[in-house]
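Heads up, coords.pdb below (PDB, C-alpha atoms):
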MODEL        1
ATOM      1  CA  MET A1148     -26.919  28.641 -86.928
ATOM      2  CA  SER A1149     -23.727  26.570 -87.059
ATOM      3  CA  PRO A1150     -23.613  23.831 -84.378
ATOM      4  CA  VAL A1151     -19.856  23.466 -84.458
ATOM      5  CA  ASP A1152     -16.938  25.052 -86.267
ATOM      6  CA  LEU A1153     -13.779  22.957 -86.473
ATOM      7  CA  ARG A1154     -11.704  25.667 -88.117
ATOM      8  CA  THR A1155      -8.919  27.193 -86.050
ATOM      9  CA  LYS A1156      -6.466  30.016 -86.489
ATOM     10  CA  ASN A1157      -3.755  27.439 -87.194
ATOM     11  CA  GLY A1158      -5.494  25.599 -90.003
ATOM     12  CA  CYS A1159      -8.699  24.217 -91.380
ATOM     13  CA  VAL A1160     -10.535  20.970 -91.921
ATOM     14  CA  GLY A1161     -12.162  19.348 -94.895
ATOM     15  CA  GLU A1162     -15.777  19.893 -95.846
ATOM     16  CA  GLY A1163     -16.614  16.274 -95.016
ATOM     17  CA  GLU A1164     -15.186  16.536 -91.520
ATOM     18  CA  GLN A1165     -17.098  19.756 -90.888
ATOM     19  CA  GLN A1166     -20.316  18.167 -92.125
ATOM     20  CA  LEU A1167     -19.820  15.116 -89.900
ATOM     21  CA  ALA A1168     -19.171  17.338 -86.887
ATOM     22  CA  ASN A1169     -22.310  19.352 -87.589
ATOM     23  CA  GLN A1170     -24.396  16.196 -87.872
ATOM     24  CA  ALA A1171     -22.956  14.860 -84.606
ATOM     25  CA  SER A1172     -23.701  18.109 -82.807
ATOM     26  CA  GLN A1173     -27.275  18.258 -84.094
ATOM     27  CA  SER A1174     -27.809  14.607 -83.199
ATOM     28  CA  LEU A1175     -26.489  15.064 -79.674
ATOM     29  CA  VAL A1176     -28.477  18.199 -78.963
ATOM     30  CA  GLY A1177     -31.646  16.734 -80.417
ATOM     31  CA  SER A1178     -31.596  13.096 -79.329
ATOM     32  CA  CYS A1179     -30.401  13.388 -75.740
ATOM     33  CA  ASN A1180     -33.010  15.892 -74.573
ATOM     34  CA  LEU A1181     -30.300  18.428 -73.781
ATOM     35  CA  LEU A1182     -32.577  21.342 -74.503
ATOM     36  CA  LYS A1183     -35.392  19.936 -72.402
ATOM     37  CA  ASP A1184     -32.968  19.387 -69.532
ATOM     38  CA  TYR A1185     -31.696  22.953 -69.612
ATOM     39  CA  GLN A1186     -35.231  24.305 -69.793
ATOM     40  CA  SER A1187     -36.215  22.165 -66.796
ATOM     41  CA  GLY A1188     -33.399  23.505 -64.644
ATOM     42  CA  TYR A1189     -31.070  20.526 -65.007
ATOM     43  CA  THR A1190     -27.391  20.739 -65.940
ATOM     44  CA  PRO A1191     -26.565  17.788 -68.230
ATOM     45  CA  ASN A1192     -23.066  16.540 -69.033
ATOM     46  CA  PRO A1193     -22.638  16.790 -72.839
ATOM     47  CA  ASP A1194     -19.243  15.042 -72.812
ATOM     48  CA  ILE A1195     -20.638  11.881 -71.205
ATOM     49  CA  LEU A1196     -23.612  11.961 -73.566
ATOM     50  CA  CYS A1197     -21.405  12.553 -76.605
ATOM     51  CA  ASN A1198     -19.366   9.445 -75.807
ATOM     52  CA  ARG A1199     -22.513   7.388 -75.282
ATOM     53  CA  GLN A1200     -24.450   8.637 -78.321
ATOM     54  CA  ILE A1201     -21.796   9.598 -80.864
ATOM     55  CA  LYS A1202     -18.265   8.274 -80.375
ATOM     56  CA  PHE A1203     -19.158   4.888 -78.925
ATOM     57  CA  ASP A1204     -22.396   4.342 -80.802
ATOM     58  CA  THR A1205     -22.919   6.167 -84.101
ATOM     59  CA  PHE A1206     -19.203   6.359 -84.927
ATOM     60  CA  CYS A1207     -18.476   2.752 -83.915
ATOM     61  CA  LYS A1208     -21.365   1.451 -86.007
ATOM     62  CA  TYR A1209     -20.231   3.547 -88.968
ATOM     63  CA  VAL A1210     -16.629   2.287 -89.015
ATOM     64  CA  GLN A1211     -17.722  -1.316 -88.507
ATOM     65  CA  HIS A1212     -20.446  -1.357 -91.145
ATOM     66  CA  LYS A1213     -19.191   1.204 -93.657
ATOM     67  CA  MET A1214     -15.427   0.770 -93.334
ATOM     68  CA  ASP A1215     -15.319  -2.908 -92.342
ATOM     69  CA  ALA A1216     -13.188  -2.101 -89.286
ATOM     70  CA  ASP A1217     -12.653  -4.736 -86.596
ATOM     71  CA  ALA A1218     -12.010  -2.213 -83.801
ATOM     72  CA  ILE A1219     -11.354   1.442 -82.993
ATOM     73  CA  ALA A1220      -8.574   3.080 -80.982
ATOM     74  CA  THR A1221      -9.059   6.148 -78.807
ATOM     75  CA  GLY A1222      -6.785   8.527 -76.949
ATOM     76  CA  HIS A1223      -8.751   8.384 -73.703
ATOM     77  CA  TYR A1224      -6.714   7.669 -70.601
ATOM     78  CA  ALA A1225      -8.458   4.465 -69.556
ATOM     79  CA  ARG A1226      -7.901   0.709 -69.558
ATOM     80  CA  THR A1227     -10.042  -2.397 -69.922
ATOM     81  CA  THR A1228      -9.665  -6.047 -68.972
ATOM     82  CA  PHE A1229      -9.289  -6.803 -72.689
ATOM     83  CA  GLY A1230      -5.850  -5.133 -72.737
ATOM     84  CA  ASP A1231      -4.494  -2.079 -74.515
ATOM     85  CA  PHE A1232      -4.848  -3.724 -77.952
ATOM     86  CA  LEU A1233      -7.598  -6.281 -77.216
ATOM     87  CA  GLU A1234      -5.023  -9.029 -76.694
ATOM     88  CA  ASN A1235      -7.170 -10.476 -73.866
ATOM     89  CA  ASP A1236     -10.420 -10.358 -75.844
ATOM     90  CA  ASP A1237     -13.080 -12.553 -74.213
ATOM     91  CA  PRO A1238     -16.625 -11.755 -75.428
ATOM     92  CA  VAL A1239     -18.133 -14.430 -73.183
ATOM     93  CA  ALA A1240     -16.685 -12.969 -69.973
ATOM     94  CA  GLY A1241     -17.353  -9.399 -71.095
ATOM     95  CA  VAL A1242     -15.197  -6.325 -70.608
ATOM     96  CA  HIS A1243     -14.611  -4.215 -67.487
ATOM     97  CA  LEU A1244     -13.573  -0.545 -67.609
ATOM     98  CA  LEU A1245     -10.512   0.212 -65.453
ATOM     99  CA  LYS A1246      -8.693   3.309 -64.259
ATOM    100  CA  PRO A1247      -5.518   4.172 -66.234
ATOM    101  CA  ALA A1248      -1.950   4.217 -65.005
ATOM    102  CA  ASP A1249      -2.042   8.030 -65.024
ATOM    103  CA  LEU A1250      -4.713   8.687 -62.399
ATOM    104  CA  PHE A1251      -4.374  12.452 -62.825
ATOM    105  CA  LYS A1252      -5.522  12.097 -66.451
ATOM    106  CA  ASP A1253      -8.149   9.435 -65.676
ATOM    107  CA  GLN A1254     -10.999   9.797 -68.212
ATOM    108  CA  THR A1255     -13.129   6.831 -67.184
ATOM    109  CA  PHE A1256     -15.606   9.384 -65.789
ATOM    110  CA  PHE A1257     -16.528  10.395 -69.343
ATOM    111  CA  LEU A1258     -16.855   6.755 -70.443
ATOM    112  CA  SER A1259     -19.212   5.724 -67.642
ATOM    113  CA  GLN A1260     -22.277   5.506 -69.914
ATOM    114  CA  VAL A1261     -20.616   3.532 -72.723
ATOM    115  CA  SER A1262     -22.281   0.220 -73.589
ATOM    116  CA  GLN A1263     -20.643  -3.185 -73.397
ATOM    117  CA  MET A1264     -20.440  -4.007 -77.112
ATOM    118  CA  PRO A1265     -18.583  -0.910 -78.366
ATOM    119  CA  LEU A1266     -16.256  -1.084 -75.358
ATOM    120  CA  GLN A1267     -15.322  -4.639 -76.349
ATOM    121  CA  LYS A1268     -14.172  -3.285 -79.720
ATOM    122  CA  THR A1269     -12.134  -0.352 -78.370
ATOM    123  CA  MET A1270      -8.376  -0.142 -77.874
ATOM    124  CA  PHE A1271      -6.915   2.211 -75.261
ATOM    125  CA  PRO A1272      -3.206   2.499 -76.192
ATOM    126  CA  LEU A1273      -2.624   5.232 -73.564
ATOM    127  CA  GLY A1274      -4.057   3.213 -70.699
ATOM    128  CA  ASN A1275      -0.730   2.071 -69.260
ATOM    129  CA  VAL A1276       1.360   5.184 -69.908
ATOM    130  CA  THR A1277       1.422   8.618 -68.325
ATOM    131  CA  LYS A1278       0.957  11.930 -70.098
ATOM    132  CA  SER A1279       4.631  12.768 -69.583
ATOM    133  CA  GLN A1280       5.620   9.464 -71.223
ATOM    134  CA  VAL A1281       3.360  10.195 -74.187
ATOM    135  CA  LYS A1282       4.996  13.597 -74.656
ATOM    136  CA  ARG A1283       8.461  12.055 -74.430
ATOM    137  CA  ILE A1284       7.590   9.412 -77.036
ATOM    138  CA  ALA A1285       6.172  12.079 -79.346
ATOM    139  CA  SER A1286       9.248  14.270 -78.911
ATOM    140  CA  GLU A1287      11.648  11.378 -79.601
ATOM    141  CA  SER A1288       9.625  10.531 -82.722
ATOM    142  CA  GLY A1289      10.092  14.010 -84.181
ATOM    143  CA  MET A1290       6.583  15.236 -83.350
ATOM    144  CA  GLU A1291       7.603  18.223 -81.259
ATOM    145  CA  TYR A1292       4.709  20.248 -82.669
ATOM    146  CA  ILE A1293       2.297  17.876 -80.930
ATOM    147  CA  VAL A1294       4.133  18.228 -77.629
ATOM    148  CA  LYS A1295       3.879  22.009 -77.821
ATOM    149  CA  LYS A1296       0.252  21.992 -78.927
ATOM    150  CA  LYS A1297      -2.169  23.468 -76.409
ATOM    151  CA  GLU A1298      -4.447  20.860 -74.880
ATOM    152  CA  SER A1299      -8.114  21.063 -75.803
ATOM    153  CA  THR A1300     -10.630  21.835 -73.067
ATOM    154  CA  GLY A1301     -14.352  22.413 -72.836
ATOM    155  CA  ILE A1302     -17.268  20.628 -74.452
ATOM    156  CA  CYS A1303     -16.037  18.723 -77.503
ATOM    157  CA  PHE A1304     -18.652  19.784 -80.061
ATOM    158  CA  ILE A1305     -18.711  23.443 -79.006
ATOM    159  CA  GLY A1306     -14.978  24.063 -79.307
ATOM    160  CA  SER A1307     -13.690  27.490 -78.327
ATOM    161  CA  ARG A1308     -17.065  29.223 -78.509
ATOM    162  CA  ASN A1309     -18.691  30.767 -75.450
ATOM    163  CA  PHE A1310     -21.179  28.304 -73.951
ATOM    164  CA  LYS A1311     -23.790  30.959 -73.125
ATOM    165  CA  LYS A1312     -23.816  32.116 -76.738
ATOM    166  CA  PHE A1313     -23.975  28.527 -77.969
ATOM    167  CA  ILE A1314     -26.949  27.485 -75.824
ATOM    168  CA  SER A1315     -28.764  30.724 -76.666
ATOM    169  CA  GLU A1316     -28.775  29.622 -80.328
ATOM    170  CA  TYR A1317     -31.127  26.813 -79.277
ATOM    171  CA  LEU A1318     -33.077  28.261 -76.333
ATOM    172  CA  VAL A1319     -34.890  31.556 -75.942
ATOM    173  CA  ASP A1320     -33.704  33.421 -72.858
ATOM    174  CA  LYS A1321     -36.346  33.579 -70.135
ATOM    175  CA  PRO A1322     -35.310  36.299 -67.651
ATOM    176  CA  GLY A1323     -35.910  35.908 -63.934
ATOM    177  CA  TYR A1324     -34.775  37.029 -60.511
ATOM    178  CA  PHE A1325     -31.907  36.091 -58.277
ATOM    179  CA  ARG A1326     -33.381  35.646 -54.780
ATOM    180  CA  ASP A1327     -31.476  35.375 -51.518
ATOM    181  CA  ILE A1328     -32.159  31.878 -50.186
ATOM    182  CA  ASP A1329     -32.108  33.123 -46.584
ATOM    183  CA  ASN A1330     -34.868  35.725 -46.914
ATOM    184  CA  GLY A1331     -36.340  35.423 -50.422
ATOM    185  CA  LEU A1332     -35.472  39.020 -51.310
ATOM    186  CA  ILE A1333     -34.594  39.905 -54.901
ATOM    187  CA  VAL A1334     -30.885  40.669 -55.180
ATOM    188  CA  GLY A1335     -30.489  40.732 -58.966
ATOM    189  CA  ASN A1336     -31.698  39.649 -62.399
ATOM    190  CA  HIS A1337     -30.622  36.901 -64.794
ATOM    191  CA  ALA A1338     -31.210  36.251 -68.500
ATOM    192  CA  GLY A1339     -32.243  32.599 -68.179
ATOM    193  CA  MET A1340     -31.814  29.536 -65.950
ATOM    194  CA  HIS A1341     -30.018  27.601 -68.677
ATOM    195  CA  HIS A1342     -27.020  29.918 -68.248
ATOM    196  CA  TRP A1343     -26.510  28.890 -64.620
ATOM    197  CA  THR A1344     -25.679  25.765 -62.633
ATOM    198  CA  VAL A1345     -25.695  24.868 -58.944
ATOM    199  CA  GLY A1346     -22.614  26.136 -57.108
ATOM    200  CA  GLN A1347     -21.721  28.695 -59.777
ATOM    201  CA  ARG A1348     -20.692  32.161 -58.636
ATOM    202  CA  CYS A1349     -23.082  34.961 -59.582
ATOM    203  CA  ARG A1350     -21.702  38.377 -60.441
ATOM    204  CA  ILE A1351     -24.106  40.416 -58.315
ATOM    205  CA  GLY A1352     -22.725  43.786 -57.267
ATOM    206  CA  GLY A1353     -23.071  45.620 -53.971
ATOM    207  CA  GLN A1354     -22.900  42.549 -51.727
ATOM    208  CA  LEU A1355     -20.697  41.842 -48.703
ATOM    209  CA  LYS A1356     -20.019  38.285 -49.910
ATOM    210  CA  PRO A1357     -20.285  36.762 -53.384
ATOM    211  CA  TYR A1358     -23.470  34.851 -54.183
ATOM    212  CA  PHE A1359     -23.571  31.260 -55.474
ATOM    213  CA  VAL A1360     -26.426  29.369 -57.136
ATOM    214  CA  ALA A1361     -28.166  27.157 -54.573
ATOM    215  CA  ARG A1362     -31.411  26.173 -56.290
ATOM    216  CA  LYS A1363     -33.325  26.826 -59.529
ATOM    217  CA  GLU A1364     -37.105  27.091 -59.841
ATOM    218  CA  PRO A1365     -38.171  26.379 -63.461
ATOM    219  CA  LYS A1366     -41.813  27.431 -63.010
ATOM    220  CA  SER A1367     -41.025  30.932 -61.782
ATOM    221  CA  SER A1368     -37.584  31.236 -63.434
ATOM    222  CA  ASP A1369     -36.243  32.331 -60.044
ATOM    223  CA  ILE A1370     -32.726  31.310 -59.032
ATOM    224  CA  PHE A1371     -32.119  31.126 -55.292
ATOM    225  CA  VAL A1372     -28.598  32.183 -54.397
ATOM    226  CA  ALA A1373     -26.547  31.740 -51.239
ATOM    227  CA  SER A1374     -24.181  34.276 -49.715
ATOM    228  CA  GLY A1375     -20.721  32.738 -49.387
ATOM    229  CA  THR A1376     -19.136  29.713 -51.020
ATOM    230  CA  ASN A1377     -19.649  27.511 -47.935
ATOM    231  CA  HIS A1378     -23.265  28.407 -47.246
ATOM    232  CA  PRO A1379     -25.085  25.335 -45.772
ATOM    233  CA  SER A1380     -27.721  25.440 -48.535
ATOM    234  CA  LEU A1381     -25.002  24.341 -50.972
ATOM    235  CA  PHE A1382     -24.287  21.079 -49.123
ATOM    236  CA  THR A1383     -26.203  17.798 -49.088
ATOM    237  CA  GLN A1384     -25.474  14.224 -48.060
ATOM    238  CA  PHE A1385     -28.250  12.404 -49.934
ATOM    239  CA  PHE A1386     -29.549  12.331 -53.483
ATOM    240  CA  LEU A1387     -31.637  10.207 -55.825
ATOM    241  CA  THR A1388     -30.597   8.908 -59.239
ATOM    242  CA  ALA A1389     -32.378   7.387 -62.203
ATOM    243  CA  ARG A1390     -31.697   3.762 -63.115
ATOM    244  CA  PRO A1391     -27.915   3.217 -63.268
ATOM    245  CA  HIS A1392     -26.059   2.121 -66.363
ATOM    246  CA  TRP A1393     -23.696  -0.706 -65.377
ATOM    247  CA  ILE A1394     -20.876  -1.126 -67.880
ATOM    248  CA  HIS A1395     -20.441  -4.854 -67.237
ATOM    249  CA  SER A1396     -23.162  -5.965 -64.837
ATOM    250  CA  PRO A1397     -24.925  -4.761 -61.680
ATOM    251  CA  PRO A1398     -22.940  -5.357 -58.460
ATOM    252  CA  GLN A1399     -24.031  -8.626 -56.856
ATOM    253  CA  PRO A1400     -24.665  -7.107 -53.378
ATOM    254  CA  LEU A1401     -27.024  -4.605 -54.995
ATOM    255  CA  LEU A1402     -28.939  -7.413 -56.729
ATOM    256  CA  GLN A1403     -29.038  -9.733 -53.743
ATOM    257  CA  GLU A1404     -29.362  -7.361 -50.809
ATOM    258  CA  GLY A1405     -30.414  -4.070 -52.405
ATOM    259  CA  ILE A1406     -27.424  -2.250 -50.913
ATOM    260  CA  PHE A1407     -23.844  -1.653 -52.067
ATOM    261  CA  GLU A1408     -20.816   0.282 -50.793
ATOM    262  CA  CYS A1409     -18.480   1.919 -53.289
ATOM    263  CA  GLU A1410     -16.958   5.278 -54.230
ATOM    264  CA  PHE A1411     -18.293   7.975 -56.515
ATOM    265  CA  ARG A1412     -17.662  11.390 -58.039
ATOM    266  CA  PHE A1413     -19.969  13.726 -59.941
ATOM    267  CA  GLN A1414     -17.231  15.981 -61.281
ATOM    268  CA  HIS A1415     -14.262  14.739 -63.287
ATOM    269  CA  THR A1416     -11.617  16.580 -61.251
ATOM    270  CA  LYS A1417     -12.978  15.903 -57.767
ATOM    271  CA  PRO A1418     -11.622  13.148 -55.476
ATOM    272  CA  LEU A1419     -13.598   9.963 -54.981
ATOM    273  CA  VAL A1420     -15.971   9.882 -52.003
ATOM    274  CA  LYS A1421     -17.297   6.805 -50.222
ATOM    275  CA  CYS A1422     -21.014   6.223 -50.584
ATOM    276  CA  MET A1423     -23.810   3.715 -50.042
ATOM    277  CA  LEU A1424     -26.229   2.742 -52.809
ATOM    278  CA  LEU A1425     -29.725   1.651 -51.794
ATOM    279  CA  VAL A1426     -32.331   0.363 -54.251
ATOM    280  CA  ILE A1427     -35.556   2.354 -53.822
ATOM    281  CA  THR A1428     -37.438   1.077 -56.859
ATOM    282  CA  ASP A1429     -36.461  -0.798 -60.001
ATOM    283  CA  ASN A1430     -35.568   2.507 -61.618
ATOM    284  CA  GLN A1431     -34.066   4.615 -58.836
ATOM    285  CA  ILE A1432     -31.170   4.508 -56.400
ATOM    286  CA  LEU A1433     -30.746   6.458 -53.150
ATOM    287  CA  ILE A1434     -27.129   7.571 -52.634
ATOM    288  CA  THR A1435     -25.921   8.264 -49.080
ATOM    289  CA  LEU A1436     -22.517   9.914 -48.698
ATOM    290  CA  THR A1437     -20.108   9.568 -45.791
ATOM    291  CA  ARG A1438     -19.963  13.373 -45.634
ATOM    292  CA  PRO A1439     -21.912  16.252 -47.197
ATOM    293  CA  LEU A1440     -20.680  17.519 -50.543
ATOM    294  CA  ARG A1441     -21.002  20.948 -52.094
ATOM    295  CA  ALA A1442     -23.007  21.722 -55.230
ATOM    296  CA  ILE A1443     -24.234  18.265 -56.203
ATOM    297  CA  THR A1444     -26.122  19.069 -59.384
ATOM    298  CA  PRO A1445     -29.310  17.544 -60.831
ATOM    299  CA  GLY A1446     -28.715  16.439 -64.409
ATOM    300  CA  GLN A1447     -25.087  15.526 -63.805
ATOM    301  CA  TYR A1448     -23.926  11.930 -63.469
ATOM    302  CA  ALA A1449     -22.876  10.076 -60.341
ATOM    303  CA  VAL A1450     -20.038   7.839 -61.522
ATOM    304  CA  PHE A1451     -19.355   4.736 -59.407
ATOM    305  CA  TYR A1452     -16.012   3.045 -58.692
ATOM    306  CA  LYS A1453     -14.873  -0.046 -56.812
ATOM    307  CA  ASP A1454     -11.120  -0.335 -56.373
ATOM    308  CA  LYS A1455      -9.641   0.054 -59.896
ATOM    309  CA  GLU A1456     -12.890  -0.436 -61.803
ATOM    310  CA  CYS A1457     -15.330   2.152 -63.121
ATOM    311  CA  LEU A1458     -18.648   0.343 -62.675
ATOM    312  CA  GLY A1459     -20.940   2.764 -64.470
ATOM    313  CA  SER A1460     -23.031   5.810 -63.649
ATOM    314  CA  ALA A1461     -26.503   7.161 -62.977
ATOM    315  CA  ARG A1462     -28.132  10.503 -63.675
ATOM    316  CA  ILE A1463     -28.792  12.640 -60.601
ATOM    317  CA  ILE A1464     -32.480  13.560 -60.584
ATOM    318  CA  LEU A1465     -33.295  14.841 -57.085
ATOM    319  CA  LEU A1466     -31.298  16.220 -54.167
ATOM    320  CA  GLY A1467     -31.960  15.402 -50.545
ATOM    321  CA  PRO A1468     -32.333  18.115 -47.893
ATOM    322  CA  SER A1469     -29.484  20.607 -47.653
ATOM    323  CA  LEU A1470     -27.636  21.226 -44.418
ATOM    324  CA  GLN A1471     -29.541  24.489 -44.149
ATOM    325  CA  SER A1472     -32.947  22.828 -44.370
ATOM    326  CA  LEU A1473     -31.855  20.296 -41.739
ATOM    327  CA  GLY A1474     -30.843  23.130 -39.441
ATOM    328  CA  HIS A1475     -27.190  22.086 -39.359
ATOM    329  CA  GLY A1476     -23.966  23.954 -39.852
ATOM    330  CA  GLY A1477     -23.091  27.574 -40.233
ATOM    331  CA  GLN A1478     -20.602  28.602 -42.885
ATOM    332  CA  ASP A1479     -17.585  27.839 -40.711
ATOM    333  CA  GLU A1480     -18.721  24.270 -40.106
ATOM    334  CA  CYS A1481     -19.477  23.777 -43.802
ATOM    335  CA  SER A1482     -15.999  25.036 -44.607
ATOM    336  CA  ILE A1483     -14.469  22.377 -42.359
ATOM    337  CA  ARG A1484     -16.680  19.640 -43.846
ATOM    338  CA  HIS A1485     -15.868  20.776 -47.367
ATOM    339  CA  SER A1486     -12.163  20.465 -46.598
ATOM    340  CA  GLY A1487     -12.627  16.816 -45.709
ATOM    341  CA  PHE A1488     -11.951  17.005 -41.981
TER     342      PHE A1488
ENDMDL
END
Render the structure in this file as structure tokens.
Amino acid sequence: MSPVDLRTKNGCVGEGEQQLANQASQSLVGSCNLLKDYQSGYTPNPDILCNRQIKFDTFCKYVQHKMDADAIATGHYARTTFGDFLENDDPVAGVHLLKPADLFKDQTFFLSQVSQMPLQKTMFPLGNVTKSQVKRIASESGMEYIVKKKESTGICFIGSRNFKKFISEYLVDKPGYFRDIDNGLIVGNHAGMHHWTVGQRCRIGGQLKPYFVARKEPKSSDIFVASGTNHPSLFTQFFLTARPHWIHSPPQPLLQEGIFECEFRFQHTKPLVKCMLLVITDNQILITLTRPLRAITPGQYAVFYKDKECLGSARIILLGPSLQSLGHGGQDECSIRHSGF
């Protein structure tokens, strides 16, 4: 079993780089309970965990202690209050993570679990430029091959490999049934819950409308599916998170009053949505949204923003009642809500 293969059709990498990548992959899969999450029906975010565990922890410690480096630089589109090149360094005041100039390329979502100390030692040279400016600079500097290079996508330590094949190297498939969430009838079979996530389309033949994953039941291995992309079972307005990770410090209103208004997203490409945070216990936060959202997924991260700042994030652990269970909204109404009207 090879955790990651850095070789591409256009070239190769050194043995040391390949070994480091393999170690990082094994460390991430093993130390972050990824396998346990998938087995329990959760859908974790490996990119957020990789930044927290590998790039901004293991790697930072390595270059500081083994290479005597004062700081690292990264190509993430993000900014901090310390400046692009740490020119405003102030360890006493601490560092805040900010959105970049290029909001379309904003990658603060993936940095929302990074700790304070490594962030204080990180430069973000692309924070105040746009992607088009970066390409122009590269082209003018004679690096046209970089401009033409296809952008990388997908989970960093998996590369171009198929995710289902990758996860099956670590988990044994446990087959189960697809069940219609409206009547409980079996409408198909699946190879294992770890291959599916909430909101994902299921390729089940012979149906009037396509089915989408609405809920997973780890004990029975059943996956309940909803007919139609705007089925009310796919929408919820409340959810519970584990204890948040605050990049700088907890918001004062949350500490003093136990309640805080801000914005959030749980998917990198989705627009920010207004929400209310309410402290339930010392470890958990109840999130109330201004409108129901589709396919909020346990195991993913709710990432919080206030104005230009990325405050931090919290792992989604439990969903509130769906619109279906509350007796609200047919598919047409859900479609209107989903559109933001």
Subject >> Nearest residue to Arg1390 of chain A from the set A:Pro1191, A:Pro1418, A:Gly1352, A:Gly1459 (distances using only C-alpha atoms) >> reply: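 Ranking A:Pro1191, A:Pro1418, A:Gly1352, A:Gly1459 by distance to Arg1390 of chain A, first place goes to A:Gly1459.
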**OP:** Determine, counting all atoms listed in the file, which protein, DNA and RNA residues have an atom within 6 Å of an atom of segment 1374-1387 of chain A; residues of the same chain fewer than 5 positions away are not included. Present the result as a list in words.
**Re:**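 Using all atoms listed in the file, the neighbours found are Lys1356, Pro1357, Tyr1358, Ala1361, Ile1432, Leu1433, Ile1434, Thr1435, Leu1436, Pro1439, Leu1440, Arg1441, Ala1442, Ile1464, Leu1465, Leu1466, Gly1467, Ser1469, Leu1470, Gln1471, Gln1478, Cys1481 and Ser1482 of chain A.
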Subject >> Answer key for the PyMOL selection byres ((chain A and resi 1413) around 8), residues as a list in words >> reply: Phe1411, Arg1412, Gln1414, His1415, Lys1417, Ile1443, Gln1447, Tyr1448, Ala1449 and Val1450 of chain A
Original post:
Excluding same-chain residues fewer than 3 positions from Tyr1185 of chain A, what lies within 9 Å of it counting all atoms listed in the file, as a PyMOL selection string?
Top reply: chain A and resi 1180-1182+1188-1191+1318+1340-1342+1446
If you keep C-alpha atoms, can you produce a file of those selected residues as a short mmCIF file (atom, residue, chain, number, x, y, z; two decimals), in the frame of the given file?
data_model
loop_
_atom_site.label_atom_id
_atom_site.label_comp_id
_atom_site.auth_asym_id
_atom_site.auth_seq_id
_atom_site.Cartn_x
_atom_site.Cartn_y
_atom_site.Cartn_z
CA ASN A 1180 -33.01 15.89 -74.57
CA LEU A 1181 -30.30 18.43 -73.78
CA LEU A 1182 -32.58 21.34 -74.50
CA GLY A 1188 -33.40 23.50 -64.64
CA TYR A 1189 -31.07 20.53 -65.01
CA THR A 1190 -27.39 20.74 -65.94
CA PRO A 1191 -26.56 17.79 -68.23
CA LEU A 1318 -33.08 28.26 -76.33
CA MET A 1340 -31.81 29.54 -65.95
CA HIS A 1341 -30.02 27.60 -68.68
CA HIS A 1342 -27.02 29.92 -68.25
CA GLY A 1446 -28.72 16.44 -64.41
#
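Among the candidates A:Pro1238, A:Gly1335, A:Gly1274, A:Gly1230, the one nearest to Gln1354 of chain A when counting all atoms listed in the file is A:Gly1335.
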**OP:** Tell me, in Å to one decimal, how far atom CA of Val1242 of chain A is from atom CA of Leu1266 of chain A.
**Re:** 7.2 Å
Give the padded box for segment 1310-1313 of chain A as AutoDock Vina command-line options: axis-aligned, covering all atoms listed in the file, 8 Å on each side, centre and edge lengths in Å to one decimal.
--center_x -22.6 --center_y 30.2 --center_z -75.5 --size_x 18.8 --size_y 19.8 --size_z 20.8
Identify all residues satisfying the PyMOL selection byres ((chain A and resi 1193-1195) around 7) in the given file; provide them as a PDB file with C-alpha atoms, in the coordinates of the input.
ATOM      1  CA  PRO A1191     -26.565  17.788 -68.230  1.00  0.00           C
ATOM      2  CA  ASN A1192     -23.066  16.540 -69.033  1.00  0.00           C
ATOM      3  CA  LEU A1196     -23.612  11.961 -73.566  1.00  0.00           C
ATOM      4  CA  CYS A1197     -21.405  12.553 -76.605  1.00  0.00           C
ATOM      5  CA  ASN A1198     -19.366   9.445 -75.807  1.00  0.00           C
ATOM      6  CA  ARG A1199     -22.513   7.388 -75.282  1.00  0.00           C
ATOM      7  CA  PHE A1257     -16.528  10.395 -69.343  1.00  0.00           C
ATOM      8  CA  LEU A1258     -16.855   6.755 -70.443  1.00  0.00           C
ATOM      9  CA  GLN A1260     -22.277   5.506 -69.914  1.00  0.00           C
ATOM     10  CA  ILE A1302     -17.268  20.628 -74.452  1.00  0.00           C
ATOM     11  CA  CYS A1303     -16.037  18.723 -77.503  1.00  0.00           C
TER      12      CYS A1303
END
Original post:
For Phe1229 of chain A, which residue out of A:Phe1310, A:Phe1256, A:Phe1271, A:Phe1371 is the nearest one, using all atoms listed in the file?
Top reply: A:Phe1271
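Note that atom CA of Lys1296 of chain A and atom CA of Asn1275 of chain A are 22.2 Å apart.
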Subject >> Non-local contacts of Pro1322 of chain A (8 Å; all atoms listed in the file; under 4 positions in same chain excluded) as a list of chain:residue names >> reply: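 The filter keeps A:Asn1336, A:His1337, A:Ala1338, A:Gly1339, A:Met1340, A:Ser1368.
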**OP:** Please measure the separation of atom CA of Ala1218 of chain A and atom CA of His1243 of chain A, giving the value in Å to one decimal.
**Re:**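 The value is 16.6 Å.
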Original post:
Any idea what's packed within 12 Å of Thr1277 of chain A, counting all atoms listed in the file, ignoring anything in its chain fewer than 3 positions away? Could you give it as a PyMOL selection string?
Top reply: chain A and resi 1222-1225+1247-1253+1272-1274+1280-1284
Specify as a short mmCIF file (atom, residue, chain, number, x, y, z; two decimals) with C-alpha atoms, in the coordinates of the input each residue included when the PyMOL selection byres ((chain A and resi 1333) around 12) is applied to this file.
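This went into expr36.cif:
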data_model
loop_
_atom_site.label_atom_id
_atom_site.label_comp_id
_atom_site.auth_asym_id
_atom_site.auth_seq_id
_atom_site.Cartn_x
_atom_site.Cartn_y
_atom_site.Cartn_z
CA GLY A 1323 -35.91 35.91 -63.93
CA TYR A 1324 -34.78 37.03 -60.51
CA PHE A 1325 -31.91 36.09 -58.28
CA ARG A 1326 -33.38 35.65 -54.78
CA ASP A 1327 -31.48 35.38 -51.52
CA ILE A 1328 -32.16 31.88 -50.19
CA ASP A 1329 -32.11 33.12 -46.58
CA ASN A 1330 -34.87 35.72 -46.91
CA GLY A 1331 -36.34 35.42 -50.42
CA LEU A 1332 -35.47 39.02 -51.31
CA VAL A 1334 -30.88 40.67 -55.18
CA GLY A 1335 -30.49 40.73 -58.97
CA ASN A 1336 -31.70 39.65 -62.40
CA HIS A 1337 -30.62 36.90 -64.79
CA ILE A 1351 -24.11 40.42 -58.32
CA ASP A 1369 -36.24 32.33 -60.04
CA ILE A 1370 -32.73 31.31 -59.03
CA PHE A 1371 -32.12 31.13 -55.29
CA VAL A 1372 -28.60 32.18 -54.40
#
